[in-house]
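Here is the structure we will look at, set down as structure tokens.
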Amino acid sequence: MARDFDLFVIGAGSGGVRASRVASSYGAKVAVAEESRVGGTCVIRGCIPKKLLVYGAHFHEDFEDAAAFGWTVGTPTFDWGRLIANKDKEIDRLNGIYLRLLSNANVKLYPSHAKFLDRHTLDVGGERVSAETILIATGGWPVKPNIPGADLAITSNEALHLPTQPKHVIVVGGGYIAVEFAGIFNGLGSKVVQLYRGEQILRGFDDDVRTTLAQEMRKKGIDLRVGTDIARIEKTGGRLRAHLKDGGTIDTDAVMYATGRAPNTAGLNLAAAGVKLNDKGAVIVDDWSRSSVENIYAVGDVTDRINLTPVALNEGLAFAQTLYGKRPRKMDHANVPSAVFSQPNVASVGLSEAAARKQGYALDIYKTSFRPLKHTLTGRDEKTMMKIVVDAQTERVLGLHMVGPEAGEIIQGLAVAVKMGATKRDLDATVGIHPTAAEEFVTMREKSVPTVAKAAE
Ligand code: NDP
């Protein structure tokens with residue numbers, strides 16, 4: 001039976017746009033539906049606007065540090081409205097580029113919501129559209145816990161568009177988004193209280209990374225409190241009052257929840273197609289990104305595998321190459337590097353010390369902590385931490401971890417080596433670039449006492 005399209009993609013974010021463009025380049029007739037702005041979470045309300053604000057926030061320290069290098073800077077003032085407007089202008093430009101990418105690739109855009117009628121048919125903004133293959137790439141959406149007054153709180157979506165800067169803000173959560181926004185607000189001059197329900201922020205990251213970042217955030221003035229959470233929020237005049245579970249209260253201008261994101265599957269009527277979801281509402285897929293229904297696939301955050309833009313891009317590419325390019329390829333989810341744009345930055349590739357130990361490896365650990373050269377003049381008490389996790393038997397590097405300026409830029413290059421199976425000997429045989437922080441990764445010679453063993457003493 002002739003269908004309207006070879007491929008219909010739901011969601012024009014990183015994964016959906018990449019899959020549609022590549023499929024079209026192989027000759028497939030492709031359409032994509034997007035009910036919001038083309039570009040998705042990363043471009044419109046995630047990575048890009050967030051990183052622009054991170055740059056903005058860092059100037060605070062740069063102005064202070066400049067004095068040690070002989071500069072006299074007048075009292076800096078900050079204009080929240082100007083930063084937000086400039087950021088919005090850039091997001092509009094990127095949105096335009098994404099729109100052009102789709103039209104240049106001959107991908108038909110439906111600026112509407114799509115939902116399933118059956119496994120080959122969708123209702124797209126009231127129109128019935130059929131396709132041989134359907135790709136779900138609808139991403140995720142921030143979730144707030146169901147507590148009284150949660151509607152008074154914002155998420156990162158709204159934080160990027162606040163008309164005025166809150167003088168005082170509570171950030172709830174201890175993950176990527178919470179530490180990044182705590183750093184943004186703090187750098188821009190808001191008083192920040194960060195509340196995390198667990199023992200230490202950034203669960204899942206290496207323990208040395210977690211403790212180092214927590215220390216550095218506190219040094220910069222963030223009031224980071226662990227083992228705490230909000231029980232309810234109420235309005236008091238023009239402000240908010242957060243009632244904590246331990247009985248205390250905090251008065252604030254804004255409460256921002258960064259307590260995770262849920263896959264966007266609720267409005268898709270997936271039951272009509274028989275697509276199976278896991279208990280978090282994510283589409284269950286196999287290694288080829290194929291769902292429980294033969295002609296329906298899913299990539300990116302909606303599958304809740306590794307929720308990062310480059311992973312969605314790669315899953316989308318592998319899907320299109322496999323189905324339309326005669327180049328069957330599965331996305332390899334091993335050793336995916338990532339960075340957290342906290343202040344200072346965090347980046348990692350491979351296994352944490354604790355995860356490697358849990359997998360049964362005997363380990364050699366190499367670790368260093370130092371004050372970056374720049375701060376020998378400024379006197380700023382900021383430490384950079386680097387760590388190498390090595391399989392003691394084979395000398396293979398299992399994990400690299402860093403807290404410090406430009407950690408993402410440094411780990412990206414080293415991730416290639418880890419992906420290729422580099423050993424500690426390979427790092428030792430590499431000549432450093434002096435003077436850089438990155439050279440420490442190839443000059444660490446002394447084994448350090450494993451953190452896990454130290455903790456157990
Ligand atoms: P995360 O899953 O990373 O963190 C959620 C945090 O909120 C955790 O600290 C969690 O605690 C806590 N939490 C969860 N539920 C509750 C609750 N009911 N009450 C109180 N605290 C709660 O989510 P994010 O929102 O930070 O980010 C979502 C995803 O987006 C990330 O997983 C990441 O993949 C991606 N991302 C990547 C970025 C990057 O690459 N730089 C930047 C931003 C996002 P606990 O640890 O106890 O579970």
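Letters A, B, ... mark the chains of the structure tokens in the order given; residue numbers begin at 1 per chain; ligand numbers begin at 1, in order shown.
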Contacts between ligand 1 and chain A, please, where a residue of chain A counts if it comes within 8 Å (with only C-alpha atoms and all ligand atoms); show its shortest atom pair and distance in Å to one decimal, rows by chain and ascending number, as CSV.
residue,atom,partner,partner_atom_place_in_ligand_line,distance
A:Gly46,CA,ligand 1,43 (C),6.7
A:Cys47,CA,ligand 1,42 (C),6.2
A:Pro142,CA,ligand 1,25 (O),6.4
A:Val143,CA,ligand 1,25 (O),7.9
A:Lys144,CA,ligand 1,18 (N),6.9
A:Pro145,CA,ligand 1,18 (N),4.6
A:Asn146,CA,ligand 1,18 (N),7.7
A:Val172,CA,ligand 1,21 (N),6.4
A:Gly173,CA,ligand 1,7 (O),3.8
A:Gly174,CA,ligand 1,9 (O),3.3
A:Gly175,CA,ligand 1,4 (O),3.5
A:Tyr176,CA,ligand 1,26 (O),4.0
A:Ile177,CA,ligand 1,26 (O),3.7
A:Ala178,CA,ligand 1,26 (O),5.4
A:Val179,CA,ligand 1,26 (O),7.7
A:Glu180,CA,ligand 1,42 (C),7.3
A:Tyr196,CA,ligand 1,21 (N),6.2
A:Arg197,CA,ligand 1,21 (N),5.6
A:Gly198,CA,ligand 1,47 (O),5.0
A:Ile201,CA,ligand 1,9 (O),6.2
A:Leu202,CA,ligand 1,9 (O),6.3
A:Arg203,CA,ligand 1,46 (O),5.0
A:Gly204,CA,ligand 1,46 (O),8.0
A:Asp229,CA,ligand 1,20 (C),6.1
A:Ile230,CA,ligand 1,20 (C),7.8
A:Tyr257,CA,ligand 1,7 (O),7.8
A:Ala258,CA,ligand 1,25 (O),4.4
A:Thr259,CA,ligand 1,7 (O),3.2
A:Gly260,CA,ligand 1,25 (O),3.3
A:Arg261,CA,ligand 1,28 (C),5.2
A:Ile306,CA,ligand 1,34 (O),6.1
A:Asn307,CA,ligand 1,34 (O),3.9
A:Leu308,CA,ligand 1,34 (O),5.1
A:Thr309,CA,ligand 1,40 (O),7.6
A:Ser338,CA,ligand 1,40 (O),5.6
A:Ala339,CA,ligand 1,41 (N),5.0
A:Val340,CA,ligand 1,41 (N),4.1
A:Phe341,CA,ligand 1,41 (N),5.6
- Find the residues near segment 278-283 of chain A: any atom within 8 Å, counting only C-alpha atoms, skip ones fewer than 6 places away on the same chain, and give them as a ChimeraX atom specification. /A:262-266,291,298,302-304
Keeping only N, CA, C and O atoms, take the residues you just selected and write them out as an mmCIF file, in the first residue's frame.
data_model
loop_
_atom_site.group_PDB
_atom_site.id
_atom_site.type_symbol
_atom_site.label_atom_id
_atom_site.label_comp_id
_atom_site.auth_asym_id
_atom_site.auth_seq_id
_atom_site.Cartn_x
_atom_site.Cartn_y
_atom_site.Cartn_z
ATOM 1 N N ALA A 262 11.349 13.688 32.499
ATOM 2 C CA ALA A 262 10.571 12.498 32.131
ATOM 3 C C ALA A 262 10.438 12.417 30.610
ATOM 4 O O ALA A 262 10.329 13.449 29.944
ATOM 5 N N PRO A 263 10.463 11.200 30.059
ATOM 6 C CA PRO A 263 10.315 11.053 28.608
ATOM 7 C C PRO A 263 8.963 11.590 28.146
ATOM 8 O O PRO A 263 7.944 11.390 28.816
ATOM 9 N N ASN A 264 8.967 12.271 27.004
ATOM 10 C CA ASN A 264 7.748 12.859 26.439
ATOM 11 C C ASN A 264 6.952 11.820 25.659
ATOM 12 O O ASN A 264 7.024 11.771 24.431
ATOM 13 N N THR A 265 6.201 10.997 26.348
ATOM 14 C CA THR A 265 5.431 9.969 25.634
ATOM 15 C C THR A 265 3.931 10.068 25.884
ATOM 16 O O THR A 265 3.140 9.454 25.159
ATOM 17 N N ALA A 266 3.544 10.874 26.896
ATOM 18 C CA ALA A 266 2.144 10.843 27.343
ATOM 19 C C ALA A 266 1.141 11.184 26.242
ATOM 20 O O ALA A 266 0.110 10.523 26.115
ATOM 21 N N SER A 291 11.584 -0.209 18.491
ATOM 22 C CA SER A 291 10.666 -0.401 19.617
ATOM 23 C C SER A 291 10.063 -1.804 19.548
ATOM 24 O O SER A 291 10.462 -2.626 18.724
ATOM 25 N N ALA A 298 12.803 4.590 18.060
ATOM 26 C CA ALA A 298 12.893 5.776 18.938
ATOM 27 C C ALA A 298 14.360 6.060 19.248
ATOM 28 O O ALA A 298 15.154 5.129 19.425
ATOM 29 N N VAL A 302 13.818 10.284 24.826
ATOM 30 C CA VAL A 302 12.541 9.578 24.984
ATOM 31 C C VAL A 302 12.775 8.089 25.270
ATOM 32 O O VAL A 302 11.888 7.388 25.757
ATOM 33 N N THR A 303 14.010 7.614 24.993
ATOM 34 C CA THR A 303 14.329 6.210 25.287
ATOM 35 C C THR A 303 15.053 6.075 26.632
ATOM 36 O O THR A 303 15.299 4.956 27.086
ATOM 37 N N ASP A 304 15.436 7.218 27.238
ATOM 38 C CA ASP A 304 16.082 7.232 28.554
ATOM 39 C C ASP A 304 17.260 6.254 28.638
ATOM 40 O O ASP A 304 17.364 5.477 29.572
#
With 6 Å as the cut-off and only C-alpha atoms counted, what is the closest atom pair between each nearby residue of segment 214-328 of chain A and segment 19-43 of chain A? Distances in Å to one decimal, ordered by chain and number, as a Markdown table.
| residue | atom | partner | partner_atom | distance |
| --- | --- | --- | --- | --- |
| A:Gly316 | CA | A:Ala19 | CA | 4.5 |
| A:Leu317 | CA | A:Ala19 | CA | 5.5 |
| A:Ala320 | CA | A:Ala23 | CA | 5.0 |
| A:Tyr324 | CA | A:Ala23 | CA | 5.8 |
| A:Gly325 | CA | A:Tyr26 | CA | 5.8 |
- Shell of 10 Å around segment 420-434 of chain A, only C-alpha atoms, local chain residues under 4 positions omitted, as a list in words: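 In the requested format, the answer is Asp364, Tyr366, Ile388, Val389, Val390, Asp391, Ala392, Thr394, Glu395, Arg396, Val397, Leu398, Leu414, Ala415, Val416, Ala438, Glu439, Glu440, Phe441, Val442, Thr443, Met444 and Arg445 of chain A.
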- Message: Taking only segment 92-169 of chain A into account, list the residues labelled alpha helix (DSSP H) by DSSP (computed from the backbone), as number ranges by chain.
- Response: A: 92-104, 156-159
Output N, CA and C atoms of each residue in that selection to a file, as a JSON list (two decimals), in the first residue's frame.
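This went into again_29.json:
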[["chain", "number", "residue", "atom", "x", "y", "z"],
["A", 92, "ASP", "N", 17.24, 32.37, 18.49],
["A", 92, "ASP", "CA", 16.42, 32.61, 17.28],
["A", 92, "ASP", "C", 17.24, 32.30, 16.03],
["A", 93, "ARG", "N", 18.52, 32.72, 16.03],
["A", 93, "ARG", "CA", 19.38, 32.48, 14.87],
["A", 93, "ARG", "C", 19.54, 30.97, 14.65],
["A", 94, "LEU", "N", 19.79, 30.24, 15.74],
["A", 94, "LEU", "CA", 20.00, 28.80, 15.61],
["A", 94, "LEU", "C", 18.72, 28.10, 15.16],
["A", 95, "ASN", "N", 17.58, 28.58, 15.68],
["A", 95, "ASN", "CA", 16.29, 28.02, 15.27],
["A", 95, "ASN", "C", 16.11, 28.19, 13.77],
["A", 96, "GLY", "N", 16.51, 29.37, 13.25],
["A", 96, "GLY", "CA", 16.43, 29.62, 11.81],
["A", 96, "GLY", "C", 17.32, 28.66, 11.02],
["A", 97, "ILE", "N", 18.51, 28.42, 11.56],
["A", 97, "ILE", "CA", 19.43, 27.49, 10.87],
["A", 97, "ILE", "C", 18.83, 26.09, 10.81],
["A", 98, "TYR", "N", 18.26, 25.66, 11.93],
["A", 98, "TYR", "CA", 17.64, 24.32, 11.95],
["A", 98, "TYR", "C", 16.49, 24.22, 10.96],
["A", 99, "LEU", "N", 15.69, 25.30, 10.87],
["A", 99, "LEU", "CA", 14.57, 25.29, 9.91],
["A", 99, "LEU", "C", 15.11, 25.17, 8.49],
["A", 100, "ARG", "N", 16.18, 25.92, 8.20],
["A", 100, "ARG", "CA", 16.78, 25.85, 6.85],
["A", 100, "ARG", "C", 17.39, 24.48, 6.58],
["A", 101, "LEU", "N", 18.01, 23.90, 7.60],
["A", 101, "LEU", "CA", 18.61, 22.57, 7.41],
["A", 101, "LEU", "C", 17.54, 21.58, 6.95],
["A", 102, "LEU", "N", 16.37, 21.68, 7.57],
["A", 102, "LEU", "CA", 15.29, 20.74, 7.21],
["A", 102, "LEU", "C", 14.80, 21.02, 5.79],
["A", 103, "SER", "N", 14.54, 22.30, 5.47],
["A", 103, "SER", "CA", 13.99, 22.56, 4.13],
["A", 103, "SER", "C", 15.03, 22.29, 3.04],
["A", 104, "ASN", "N", 16.31, 22.60, 3.31],
["A", 104, "ASN", "CA", 17.35, 22.29, 2.32],
["A", 104, "ASN", "C", 17.48, 20.78, 2.10],
["A", 156, "SER", "N", 14.24, 24.65, 34.79],
["A", 156, "SER", "CA", 15.25, 25.31, 33.95],
["A", 156, "SER", "C", 14.59, 25.99, 32.76],
["A", 157, "ASN", "N", 13.46, 25.46, 32.28],
["A", 157, "ASN", "CA", 12.75, 26.08, 31.14],
["A", 157, "ASN", "C", 12.45, 27.55, 31.43],
["A", 158, "GLU", "N", 11.85, 27.79, 32.61],
["A", 158, "GLU", "CA", 11.45, 29.17, 32.94],
["A", 158, "GLU", "C", 12.66, 29.99, 33.39],
["A", 159, "ALA", "N", 13.65, 29.32, 34.02],
["A", 159, "ALA", "CA", 14.82, 30.06, 34.53],
["A", 159, "ALA", "C", 15.52, 30.81, 33.40]]
- Identify which of the residues A:Phe5, A:Phe185, A:Phe59, A:Phe370 lies closest to Thr212 of chain A, counting only C-alpha atoms when measuring atom-to-atom distances.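 Of the candidates, the smallest distance to Thr212 of chain A is held by A:Phe370.
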- Please, which residues of segment 12-254 of chain A, numbered as in this document, come out strand (DSSP E or B) from DSSP, as a VMD selection string? chain A and resid 30 to 33 108 to 110 114 to 118 121 to 124 127 to 136 140 to 142 154 168 to 172 191 to 196 223 to 226 230 to 236 239 to 244 249 to 252 254
Take the residues from that selection and write them out as a PDB file, in the first residue's frame, keeping C-alpha atoms.
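The file below, result-v8.pdb, is the result:
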ATOM      1  CA  VAL A  30      10.690  12.245   4.962  1.00  0.00           C
ATOM      2  CA  ALA A  31       8.490  14.452   7.150  1.00  0.00           C
ATOM      3  CA  VAL A  32       8.893  15.671  10.706  1.00  0.00           C
ATOM      4  CA  ALA A  33       6.361  17.032  13.190  1.00  0.00           C
ATOM      5  CA  LYS A 108       8.577  18.396   5.107  1.00  0.00           C
ATOM      6  CA  LEU A 109       7.900  20.124   8.429  1.00  0.00           C
ATOM      7  CA  TYR A 110       4.522  19.856  10.148  1.00  0.00           C
ATOM      8  CA  ALA A 114       1.448  14.238  16.198  1.00  0.00           C
ATOM      9  CA  LYS A 115      -0.219  11.224  17.768  1.00  0.00           C
ATOM     10  CA  PHE A 116      -0.672   7.628  16.703  1.00  0.00           C
ATOM     11  CA  LEU A 117      -3.873   6.295  15.144  1.00  0.00           C
ATOM     12  CA  ASP A 118      -2.282   2.938  14.334  1.00  0.00           C
ATOM     13  CA  THR A 121      -0.863   6.253  10.718  1.00  0.00           C
ATOM     14  CA  LEU A 122      -0.632   9.489  12.661  1.00  0.00           C
ATOM     15  CA  ASP A 123      -2.957  12.349  13.401  1.00  0.00           C
ATOM     16  CA  VAL A 124      -0.760  15.383  12.728  1.00  0.00           C
ATOM     17  CA  GLU A 127      -4.483  15.670   9.339  1.00  0.00           C
ATOM     18  CA  ARG A 128      -4.209  11.915   8.716  1.00  0.00           C
ATOM     19  CA  VAL A 129      -0.672  11.031   7.601  1.00  0.00           C
ATOM     20  CA  SER A 130       0.754   7.576   6.926  1.00  0.00           C
ATOM     21  CA  ALA A 131       4.355   6.373   6.835  1.00  0.00           C
ATOM     22  CA  GLU A 132       6.216   3.121   6.324  1.00  0.00           C
ATOM     23  CA  THR A 133       8.498   3.824   9.295  1.00  0.00           C
ATOM     24  CA  ILE A 134       7.917   6.130  12.246  1.00  0.00           C
ATOM     25  CA  LEU A 135      10.689   7.498  14.483  1.00  0.00           C
ATOM     26  CA  ILE A 136       9.801   8.820  17.927  1.00  0.00           C
ATOM     27  CA  GLY A 140      12.002  14.727  27.728  1.00  0.00           C
ATOM     28  CA  TRP A 141      10.527  17.397  29.956  1.00  0.00           C
ATOM     29  CA  PRO A 142      11.467  18.581  33.463  1.00  0.00           C
ATOM     30  CA  ILE A 154      10.076  27.006  38.206  1.00  0.00           C
ATOM     31  CA  HIS A 168      17.747  34.945  46.220  1.00  0.00           C
ATOM     32  CA  VAL A 169      17.069  31.546  44.690  1.00  0.00           C
ATOM     33  CA  ILE A 170      16.716  27.986  45.957  1.00  0.00           C
ATOM     34  CA  VAL A 171      17.853  25.289  43.528  1.00  0.00           C
ATOM     35  CA  VAL A 172      16.571  21.798  44.335  1.00  0.00           C
ATOM     36  CA  LYS A 191      22.295  34.409  46.678  1.00  0.00           C
ATOM     37  CA  VAL A 192      21.939  30.662  46.053  1.00  0.00           C
ATOM     38  CA  VAL A 193      20.816  27.914  48.390  1.00  0.00           C
ATOM     39  CA  GLN A 194      21.072  24.461  46.806  1.00  0.00           C
ATOM     40  CA  LEU A 195      19.170  21.643  48.480  1.00  0.00           C
ATOM     41  CA  TYR A 196      19.980  18.013  47.730  1.00  0.00           C
ATOM     42  CA  ASP A 223      24.939  27.508  50.389  1.00  0.00           C
ATOM     43  CA  LEU A 224      24.875  23.812  49.451  1.00  0.00           C
ATOM     44  CA  ARG A 225      22.893  21.735  51.911  1.00  0.00           C
ATOM     45  CA  VAL A 226      22.715  17.953  51.599  1.00  0.00           C
ATOM     46  CA  ILE A 230      11.375  20.989  50.584  1.00  0.00           C
ATOM     47  CA  ALA A 231       8.098  19.772  52.077  1.00  0.00           C
ATOM     48  CA  ARG A 232       5.918  22.621  50.800  1.00  0.00           C
ATOM     49  CA  ILE A 233       6.112  26.097  49.294  1.00  0.00           C
ATOM     50  CA  GLU A 234       3.837  29.018  50.066  1.00  0.00           C
ATOM     51  CA  LYS A 235       3.497  32.557  48.820  1.00  0.00           C
ATOM     52  CA  THR A 236       4.270  35.316  51.341  1.00  0.00           C
ATOM     53  CA  ARG A 239       8.149  36.268  47.825  1.00  0.00           C
ATOM     54  CA  LEU A 240       8.097  32.533  48.486  1.00  0.00           C
ATOM     55  CA  ARG A 241       8.603  30.601  51.696  1.00  0.00           C
ATOM     56  CA  ALA A 242      10.024  27.079  51.429  1.00  0.00           C
ATOM     57  CA  HIS A 243       9.206  24.826  54.380  1.00  0.00           C
ATOM     58  CA  LEU A 244      11.912  22.202  54.679  1.00  0.00           C
ATOM     59  CA  THR A 249      12.071  27.605  56.459  1.00  0.00           C
ATOM     60  CA  ILE A 250      13.811  29.687  53.800  1.00  0.00           C
ATOM     61  CA  ASP A 251      12.377  32.867  52.288  1.00  0.00           C
ATOM     62  CA  THR A 252      13.344  33.324  48.685  1.00  0.00           C
ATOM     63  CA  ALA A 254      12.445  31.792  43.324  1.00  0.00           C
TER      64      ALA A 254
END
- Query: Quick one: of A:Thr228, A:Gln359, A:Thr378, A:Ser342, who's nearest to Glu64 of chain A, counting only C-alpha atoms?
  - Reply: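 For Glu64 of chain A, the nearest of the given residues is A:Thr378.
For the residues A:Ile410, A:Leu351, A:Val293, A:Gly56, ranking by smallest atom-to-atom distance to Thr436 of chain A using only C-alpha atoms places A:Ile410 first.
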- Query: If you measure from atom CA of Leu313 of chain A to atom CA of Leu268 of chain A, what distance in Å do you get, rounded to one decimal?
  - Reply: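 Computing it gives 21.7 Å between the two atoms.
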- With a distance cut-off of 10 Å and only C-alpha atoms, select the neighbouring residues of Phe63 of chain A, excluding the residue or stretch itself and same-chain residues fewer than 3 positions from it, and output the selection as a PyMOL selection string. chain A and resi 58-60+66-67+71-76
- Item | Residues within 12 Å of Ala85 of chain A, only C-alpha atoms, excluding chain neighbours under 6 positions, as a PyMOL selection string | chain A and resi 49+52-53+79+91-92+160-164
